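Q: Here you go, upload-v9.csv (CSV, C-alpha atoms):
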```csv
chain,number,residue,atom,x,y,z
L,17,MET,CA,5.7,2.6,1.6
L,18,ASN,CA,7.7,0.6,4.2
L,19,GLU,CA,8.2,3.7,6.4
L,20,ALA,CA,4.6,4.6,6.0
L,21,ILE,CA,3.6,1.1,7.3
L,22,LEU,CA,6.2,1.4,10.1
L,23,GLY,CA,4.7,4.8,11.1
L,24,GLY,CA,1.2,3.3,11.2
L,25,ILE,CA,2.4,0.4,13.3
L,26,LEU,CA,4.0,2.7,15.9
L,27,ALA,CA,1.0,5.1,15.8
L,28,GLY,CA,-1.2,2.1,16.6
L,29,GLY,CA,0.6,1.6,19.9
L,30,PHE,CA,3.0,-1.2,19.1
L,31,PRO,CA,6.2,-0.7,21.2
L,32,ALA,CA,9.2,0.5,19.2
L,33,GLU,CA,11.6,-1.7,21.2
L,34,PHE,CA,10.0,-4.8,19.6
L,35,ILE,CA,10.6,-3.7,16.1
L,36,THR,CA,13.7,-4.5,14.0
L,37,ALA,CA,14.1,-3.1,10.5
L,38,THR,CA,16.7,-3.8,7.9
L,39,VAL,CA,18.0,-1.4,5.2
L,40,ARG,CA,20.7,-1.3,2.6
L,41,ARG,CA,22.6,1.8,3.8
L,42,ALA,CA,24.1,2.6,7.1
L,43,GLU,CA,23.0,6.3,6.7
L,44,ARG,CA,19.4,5.2,6.3
L,45,ALA,CA,19.7,2.9,9.3
L,46,ALA,CA,20.9,5.9,11.5
L,47,GLN,CA,18.1,8.0,10.1
L,48,LEU,CA,15.4,5.5,11.0
L,49,ARG,CA,16.8,4.9,14.5
L,50,GLU,CA,16.7,8.6,15.3
L,51,ARG,CA,13.3,9.2,13.8
L,52,HIS,CA,11.4,6.1,15.2
L,53,GLY,CA,13.5,4.7,18.0
L,54,ILE,CA,13.6,1.2,16.6
L,55,THR,CA,16.4,-1.2,16.0
L,56,VAL,CA,17.7,-0.9,12.5
L,57,LEU,CA,20.3,-3.2,10.9
L,58,ALA,CA,22.2,-2.3,7.7
L,59,GLU,CA,22.3,-5.2,5.3
L,60,SER,CA,25.6,-6.8,4.1
L,61,GLU,CA,26.1,-8.8,0.9
L,62,ASP,CA,25.8,-12.1,2.8
L,63,GLY,CA,22.3,-11.3,4.1
L,64,THR,CA,23.3,-11.6,7.7
L,65,ALA,CA,21.2,-8.6,8.8
L,66,ASN,CA,18.0,-9.9,7.3
L,67,ARG,CA,18.5,-13.3,8.8
L,68,THR,CA,19.3,-11.8,12.2
L,69,ALA,CA,16.1,-9.7,12.1
L,70,ALA,CA,13.9,-12.6,10.9
L,71,GLU,CA,15.1,-15.4,13.2
L,72,SER,CA,13.4,-14.1,16.3
L,73,ALA,CA,10.4,-12.4,14.7
L,74,ASP,CA,6.8,-13.3,15.2
L,75,VAL,CA,5.8,-11.3,12.1
L,76,VAL,CA,8.2,-10.7,9.2
L,77,ILE,CA,7.1,-8.0,6.8
L,78,VAL,CA,8.8,-8.3,3.5
L,79,GLY,CA,9.0,-4.8,1.9
L,80,VAL,CA,11.1,-5.2,-1.2
L,81,LYS,CA,10.2,-4.8,-4.9
L,82,PRO,CA,8.3,-7.7,-6.5
L,83,VAL,CA,11.3,-9.0,-8.3
L,84,GLY,CA,13.3,-9.3,-5.0
L,85,VAL,CA,10.7,-11.0,-2.9
L,86,ARG,CA,11.6,-14.6,-3.7
L,87,ALA,CA,15.3,-14.0,-3.1
L,88,MET,CA,14.5,-12.3,0.2
L,89,LEU,CA,12.3,-15.2,1.4
L,90,GLU,CA,14.9,-17.7,0.4
L,91,THR,CA,17.5,-15.8,2.4
L,92,VAL,CA,15.5,-16.0,5.6
L,93,ALA,CA,13.7,-19.3,5.1
L,94,GLY,CA,16.2,-21.3,7.1
L,95,VAL,CA,16.0,-19.2,10.3
L,96,LEU,CA,12.3,-18.5,10.5
L,97,ASN,CA,10.5,-19.5,13.7
L,98,PRO,CA,8.0,-22.2,12.6
L,99,SER,CA,5.1,-20.1,14.0
L,100,ALA,CA,6.2,-16.9,12.3
L,101,VAL,CA,3.8,-15.1,10.0
L,102,VAL,CA,5.4,-13.7,6.8
L,103,VAL,CA,3.6,-10.7,5.3
L,104,SER,CA,4.3,-9.3,1.8
L,105,VAL,CA,3.5,-5.7,0.9
L,106,ALA,CA,4.7,-6.1,-2.7
L,107,ALA,CA,2.3,-5.9,-5.6
L,108,ALA,CA,1.8,-8.9,-7.9
L,109,VAL,CA,3.7,-11.5,-5.9
L,110,PRO,CA,1.3,-14.5,-5.5
L,111,LEU,CA,0.9,-16.5,-2.3
L,112,GLU,CA,1.9,-19.6,-4.2
L,113,LEU,CA,5.4,-18.1,-5.0
L,114,MET,CA,5.9,-17.0,-1.4
L,115,GLU,CA,4.9,-20.4,0.0
L,116,ALA,CA,7.2,-22.2,-2.4
L,117,ALA,CA,10.2,-20.2,-1.2
L,118,LEU,CA,9.5,-21.0,2.4
L,119,PRO,CA,9.4,-24.2,4.5
L,120,ALA,CA,6.3,-26.3,4.1
L,121,GLY,CA,3.4,-25.0,6.2
L,122,ALA,CA,4.7,-21.5,6.5
L,123,GLN,CA,2.1,-18.9,7.3
L,124,VAL,CA,2.0,-16.3,4.6
L,125,ILE,CA,-0.2,-13.3,4.2
L,126,ARG,CA,-0.3,-11.1,1.1
L,127,THR,CA,-1.3,-7.4,1.5
L,128,MET,CA,-1.9,-4.4,-0.7
L,129,PRO,CA,-1.4,-1.2,1.2
L,130,ASN,CA,-1.4,2.4,0.0
L,131,THR,CA,0.6,5.5,0.9
L,132,PRO,CA,-2.0,7.3,3.1
L,133,ALA,CA,-1.0,4.7,5.6
L,134,LYS,CA,1.7,7.2,6.8
L,135,LEU,CA,-1.2,9.4,8.0
L,136,GLY,CA,-3.2,6.5,9.5
L,137,ARG,CA,-5.7,7.0,6.6
L,138,GLY,CA,-4.6,4.1,4.4
L,139,VAL,CA,-6.4,1.1,3.1
L,140,THR,CA,-4.7,-2.3,3.3
L,141,ALA,CA,-6.3,-5.4,1.7
L,142,LEU,CA,-5.2,-8.7,3.1
L,143,ALA,CA,-5.3,-12.2,1.5
L,144,ALA,CA,-4.3,-15.2,3.7
L,145,GLY,CA,-2.3,-18.1,2.5
L,146,SER,CA,-3.3,-21.7,2.8
L,147,ALA,CA,-1.5,-22.3,6.1
L,148,ALA,CA,-2.3,-18.9,7.8
L,149,THR,CA,-4.5,-19.4,10.8
L,150,PRO,CA,-7.3,-17.1,11.9
L,151,GLU,CA,-5.2,-16.1,14.9
L,152,SER,CA,-2.4,-15.1,12.6
L,153,VAL,CA,-4.7,-13.0,10.4
L,154,LYS,CA,-6.1,-11.3,13.5
L,155,LEU,CA,-2.5,-10.6,14.7
L,156,VAL,CA,-1.6,-9.0,11.4
L,157,ARG,CA,-4.8,-7.0,11.3
L,158,SER,CA,-4.1,-5.7,14.7
L,159,LEU,CA,-0.5,-4.9,13.9
L,160,LEU,CA,-1.5,-2.9,10.8
L,161,SER,CA,-4.6,-1.3,12.3
L,162,GLY,CA,-2.7,2.0,12.9
L,163,THR,CA,-2.2,2.4,9.2
L,164,GLY,CA,-6.0,2.8,8.5
L,165,ARG,CA,-8.7,0.5,7.3
L,166,ILE,CA,-8.0,-3.2,6.9
L,167,VAL,CA,-10.1,-5.3,4.6
L,168,GLU,CA,-9.9,-9.1,3.9
L,169,VAL,CA,-10.3,-10.2,0.3
L,170,ARG,CA,-9.7,-13.3,-1.8
L,171,GLU,CA,-6.3,-13.4,-3.5
L,172,ASP,CA,-7.9,-13.3,-7.0
L,173,GLN,CA,-9.3,-9.9,-6.0
L,174,ILE,CA,-5.9,-8.3,-5.1
L,175,ASN,CA,-5.2,-7.0,-8.6
L,176,ALA,CA,-8.6,-5.2,-8.6
L,177,VAL,CA,-7.9,-3.8,-5.1
L,178,GLY,CA,-4.5,-2.6,-6.3
L,179,SER,CA,-6.1,-0.8,-9.3
L,180,VAL,CA,-8.5,1.0,-6.9
L,181,SER,CA,-6.7,1.7,-3.7
L,182,GLY,CA,-3.1,0.7,-4.3
L,183,SER,CA,-2.7,3.0,-7.3
L,184,GLY,CA,-5.6,5.2,-6.3
L,185,PRO,CA,-3.7,7.9,-4.4
L,186,ALA,CA,-1.8,8.7,-7.6
L,187,TYR,CA,-5.1,9.2,-9.4
L,188,ALA,CA,-6.1,11.8,-6.8
L,189,PHE,CA,-2.8,13.5,-7.1
L,190,TYR,CA,-3.1,13.5,-10.9
L,191,LEU,CA,-6.5,15.1,-10.6
L,192,ALA,CA,-5.0,17.7,-8.3
L,193,GLU,CA,-2.3,18.5,-10.8
L,194,ALA,CA,-4.8,18.8,-13.6
L,195,MET,CA,-7.1,21.1,-11.6
L,196,ALA,CA,-4.2,23.3,-10.5
L,197,LYS,CA,-3.0,23.7,-14.1
L,198,ALA,CA,-6.5,24.5,-15.3
L,199,GLY,CA,-6.9,27.0,-12.5
L,200,ALA,CA,-3.6,28.7,-13.6
L,201,ASP,CA,-4.7,28.7,-17.2
L,202,LEU,CA,-7.9,30.5,-16.1
L,203,GLY,CA,-5.8,33.3,-14.6
L,204,LEU,CA,-5.1,32.2,-11.0
L,205,ASP,CA,-1.6,32.4,-9.5
L,206,PRO,CA,-0.2,28.9,-9.9
L,207,GLU,CA,0.6,28.6,-6.2
L,208,LEU,CA,-3.0,29.6,-5.3
L,209,ALA,CA,-4.4,27.2,-7.9
L,210,ALA,CA,-2.3,24.4,-6.4
L,211,LEU,CA,-3.5,25.2,-2.9
L,212,LEU,CA,-7.2,25.4,-4.0
L,213,ALA,CA,-6.9,22.0,-5.8
L,214,ALA,CA,-5.1,20.3,-3.0
L,215,GLU,CA,-7.4,21.5,-0.2
L,216,THR,CA,-10.5,20.8,-2.2
L,217,ILE,CA,-9.5,17.2,-2.9
L,218,ALA,CA,-8.4,16.7,0.8
L,219,GLY,CA,-11.7,18.2,2.0
L,220,ALA,CA,-13.8,16.1,-0.4
L,221,GLY,CA,-11.9,13.0,0.8
L,222,ALA,CA,-12.7,13.8,4.4
L,223,MET,CA,-16.4,14.1,3.5
L,224,LEU,CA,-16.2,10.7,1.8
L,225,ALA,CA,-14.6,9.2,5.0
L,226,GLU,CA,-17.7,10.2,7.0
L,227,PRO,CA,-19.9,7.2,8.1
L,228,GLU,CA,-22.4,6.1,5.4
L,229,ALA,CA,-21.0,8.7,2.9
L,230,ASP,CA,-22.0,8.0,-0.7
L,231,ALA,CA,-19.9,9.5,-3.5
L,232,ALA,CA,-22.9,9.8,-5.9
L,233,ALA,CA,-25.1,11.5,-3.3
L,234,LEU,CA,-22.3,13.9,-2.4
L,235,ARG,CA,-21.7,14.8,-6.0
L,236,LYS,CA,-25.4,15.4,-6.7
L,237,ALA,CA,-25.6,17.7,-3.6
L,238,VAL,CA,-23.0,20.0,-5.2
L,239,THR,CA,-24.5,19.8,-8.7
L,240,SER,CA,-27.3,22.3,-9.0
L,241,PRO,CA,-29.5,22.1,-12.1
L,242,ASN,CA,-28.2,24.3,-14.9
L,243,GLY,CA,-25.4,25.4,-12.6
L,244,THR,CA,-21.6,25.7,-13.1
L,245,THR,CA,-20.9,22.2,-11.6
L,246,GLU,CA,-23.4,20.6,-13.9
L,247,ALA,CA,-21.7,22.2,-16.9
L,248,ALA,CA,-18.3,20.8,-15.8
L,249,ILE,CA,-19.7,17.3,-15.1
L,250,GLY,CA,-21.5,17.4,-18.5
L,251,VAL,CA,-18.2,18.0,-20.3
L,252,PHE,CA,-16.5,15.2,-18.3
L,253,ASP,CA,-19.3,12.8,-19.4
L,254,ASP,CA,-19.2,14.0,-23.0
L,255,GLN,CA,-15.4,13.5,-23.1
L,256,GLY,CA,-15.8,10.0,-21.7
L,257,LEU,CA,-14.0,10.5,-18.4
L,258,PRO,CA,-15.7,7.5,-16.6
L,259,GLY,CA,-14.6,5.2,-19.4
L,260,ILE,CA,-11.1,6.7,-19.3
L,261,ILE,CA,-10.9,6.0,-15.6
L,262,ALA,CA,-12.2,2.5,-16.0
L,263,ALA,CA,-9.7,1.8,-18.8
L,264,GLY,CA,-6.8,3.1,-16.7
L,265,MET,CA,-7.8,0.9,-13.8
L,266,GLN,CA,-8.0,-2.1,-16.1
L,267,ALA,CA,-4.5,-1.3,-17.3
L,268,ALA,CA,-3.3,-1.2,-13.8
L,269,ALA,CA,-4.9,-4.6,-13.0
L,270,ASP,CA,-3.6,-6.1,-16.2
L,271,ARG,CA,0.0,-4.9,-15.5
L,272,SER,CA,-0.2,-6.5,-12.1
L,273,ALA,CA,-1.2,-9.8,-13.7
L,274,GLU,CA,1.6,-9.5,-16.2
L,275,ILE,CA,4.1,-9.0,-13.4
L,276,THR,CA,2.7,-12.1,-11.6
L,277,ASP,CA,3.2,-14.1,-14.8
L,278,GLU,CA,6.7,-12.8,-15.2
L,279,LEU,CA,7.6,-13.7,-11.7
L,280,SER,CA,6.1,-17.2,-12.0
L,281,ALA,CA,7.9,-17.8,-15.2
L,282,SER,CA,11.2,-17.0,-13.7
L,283,ARG,CA,10.9,-19.6,-10.9
```
Would it be possible to restate this file's structure as structure tokens?
A:
Amino acid sequence: MNEAILGGILAGGFPAEFITATVRRAERAAQLRERHGITVLAESEDGTANRTAAESADVVIVGVKPVGVRAMLETVAGVLNPSAVVVSVAAAVPLELMEAALPAGAQVIRTMPNTPAKLGRGVTALAAGSAATPESVKLVRSLLSGTGRIVEVREDQINAVGSVSGSGPAYAFYLAEAMAKAGADLGLDPELAALLAAETIAGAGAMLAEPEADAAALRKAVTSPNGTTEAAIGVFDDQGLPGIIAAGMQAAADRSAEITDELSASR
């Protein structure tokens, strides 16, 4: 996810010479330097690289797993520029936790990106902390614009966003897997079935990306009365697929809330 965001930032025209990244391994640092032309520091146990990268930054993007966000923020808190904007891309980490780990008045923004950001076709939801200024929000929106669409939401909507777009690419890939397997079971060569499923979902996604596209209208346009598509949709409805999808997304949102509670309890 972090490299996907980096790729989107660079694709949006932000100069590589103004970007510094930190990683755990020297081999990974060398790989990113060669691939993207940015400055990359390999972290040491004392956190020196993270502090070095953060101390002169206008925007600090924290791209670690949720359980590691607080420790990372505490590592860099003492060297942050007072005007710096701290952006989290970790699911389930509340703004309150981030603000508590940083100096009073720190500008914090919580985001929920998704993996199509690496192609410039992602969606990133953004929720601003109590001290984040409109100018800082605008700066972060501009910085991330190369990753795809940016939307602003309230923090209490982030879990719902995560269940739709954050986890959403996996749902599409899951559907592609299921379609490919079904095609193979119907007698197609497995590689051909996989190609047909992948290209069909990619093409349908491109149609949905058209201005004013409506999923229901597009579905109806393909569903001729008494035709093959109507037969398939009828089975999906009879098997309760809409409810299954809703239940899965609720589970994703609930798990995000659980992680937030776990992180808050560990403070």
Q: Please build the interface table for region 163-279 of chain L against region 137-157 of chain L with a cut-off of 12 Å, listing for each qualifying residue the nearest atom pair and the distance in Å to one decimal; count only C-alpha atoms, order rows by chain and increasing number, and write it as CSV.
A:
```
residue,atom,partner,partner_atom,distance
L:Thr163,CA,L:Gly138,CA,5.6
L:Gly164,CA,L:Gly138,CA,4.5
L:Arg165,CA,L:Val139,CA,4.8
L:Ile166,CA,L:Thr140,CA,5.0
L:Val167,CA,L:Ala141,CA,4.8
L:Glu168,CA,L:Leu142,CA,4.8
L:Val169,CA,L:Ala143,CA,5.5
L:Arg170,CA,L:Ala143,CA,5.6
L:Glu171,CA,L:Ala143,CA,5.2
L:Asp172,CA,L:Ala143,CA,9.0
L:Gln173,CA,L:Ala143,CA,8.8
L:Ile174,CA,L:Ala141,CA,7.4
L:Asn175,CA,L:Ala141,CA,10.5
L:Ala176,CA,L:Ala141,CA,10.6
L:Val177,CA,L:Ala141,CA,7.2
L:Gly178,CA,L:Ala141,CA,8.7
L:Ser179,CA,L:Ala141,CA,11.9
L:Val180,CA,L:Val139,CA,10.2
L:Ser181,CA,L:Val139,CA,6.8
L:Gly182,CA,L:Val139,CA,8.1
L:Ser183,CA,L:Val139,CA,11.2
L:Gly184,CA,L:Val139,CA,10.3
L:Pro185,CA,L:Gly138,CA,9.6
L:Ala218,CA,L:Arg137,CA,11.6
L:Gly221,CA,L:Arg137,CA,10.4
L:Ala222,CA,L:Arg137,CA,10.0
L:Ala225,CA,L:Arg137,CA,9.3
```
Q: Given the point (9.0, -3.0, 20.8) in the file's coordinates, find the residues that have an atom at most 12 Å from it, counting all atoms listed in the file, and give them as a list in words.
A: Leu22, Ile25, Leu26, Gly29, Phe30, Pro31, Ala32, Glu33, Phe34, Ile35, Thr36, Ala37, His52, Gly53, Ile54, Thr55, Ala73, Asp74 and Leu159 of chain L
Q: Please identify all polymer residues within 10 Å of Leu113 (chain L), counting all atoms listed in the file, omitting same-chain residues fewer than 6 positions from it, and present them as a PDB file with C-alpha atoms, keeping the file's coordinate frame.
A:
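Ended up saving to selection.pdb:
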```pdb
ATOM      1  CA  VAL L  85      10.700 -11.000  -2.900  1.00  0.00           C
ATOM      2  CA  ARG L  86      11.600 -14.600  -3.700  1.00  0.00           C
ATOM      3  CA  LEU L  89      12.300 -15.200   1.400  1.00  0.00           C
ATOM      4  CA  THR L 276       2.700 -12.100 -11.600  1.00  0.00           C
ATOM      5  CA  LEU L 279       7.600 -13.700 -11.700  1.00  0.00           C
ATOM      6  CA  SER L 280       6.100 -17.200 -12.000  1.00  0.00           C
ATOM      7  CA  ARG L 283      10.900 -19.600 -10.900  1.00  0.00           C
TER       8      ARG L 283
END
```
Q: Here's a test: counting all atoms listed in the file, identify every protein, DNA and RNA residue with an atom at most 8 Å from (21.0, -5.2, 9.0) in the file's coordinate frame, and state them as number ranges by chain.
A: L: 37-40, 56-60, 63-66, 68-69
Q: I need the residue nearest Leu208 (chain L) from this list: L:Ala196, L:Val76, L:Ala133, L:Ala267. Use all atoms listed in the file for the distance.
A: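 Using all atoms listed in the file, Leu208 (chain L) sits closest to L:Ala196.
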Q: Could you tell me how far CA of Ala120 (chain L) sits from CA of Gly94 (chain L), in Å to one decimal place?
A: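 The value is 11.5 Å.
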Q: Pick from L:Thr127, L:Glu228, L:Phe189, L:Ala107: nearest to Leu160 (chain L), with all atoms listed in the file counted?
A: L:Thr127
Q: When you draw a straight line from CA of Ser282 (chain L) to CA of Ala116 (chain L), how long is it in Å?
A: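 Those two atoms sit 13.1 Å apart.
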Q: So that I can see what lies close to Gly162 (chain L), please list as an MDAnalysis selection string the residues with an atom at most 7 Å from it, counting all atoms listed in the file and leaving out residues fewer than 4 positions away in the same chain.
A: chainID L and resid 24:25 27:28 136
Q: So that I have them on file, write out the residues from the current selection with C-alpha atoms, as a compact mmCIF listing (two decimals), keeping the file's coordinate frame.
A:
```
# COMPACT_ATOMS: atom_id res chain seq x y z
CA GLY L 24 1.20 3.30 11.20
CA ILE L 25 2.40 0.40 13.30
CA ALA L 27 1.00 5.10 15.80
CA GLY L 28 -1.20 2.10 16.60
CA GLY L 136 -3.20 6.50 9.50
```
Q: To one decimal in Å, tell me the separation between CA of Ala93 (chain L) and CA of Ala20 (chain L).
A: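 If I compute the distance from CA of Ala93 (chain L) to CA of Ala20 (chain L), I get 25.6 Å.
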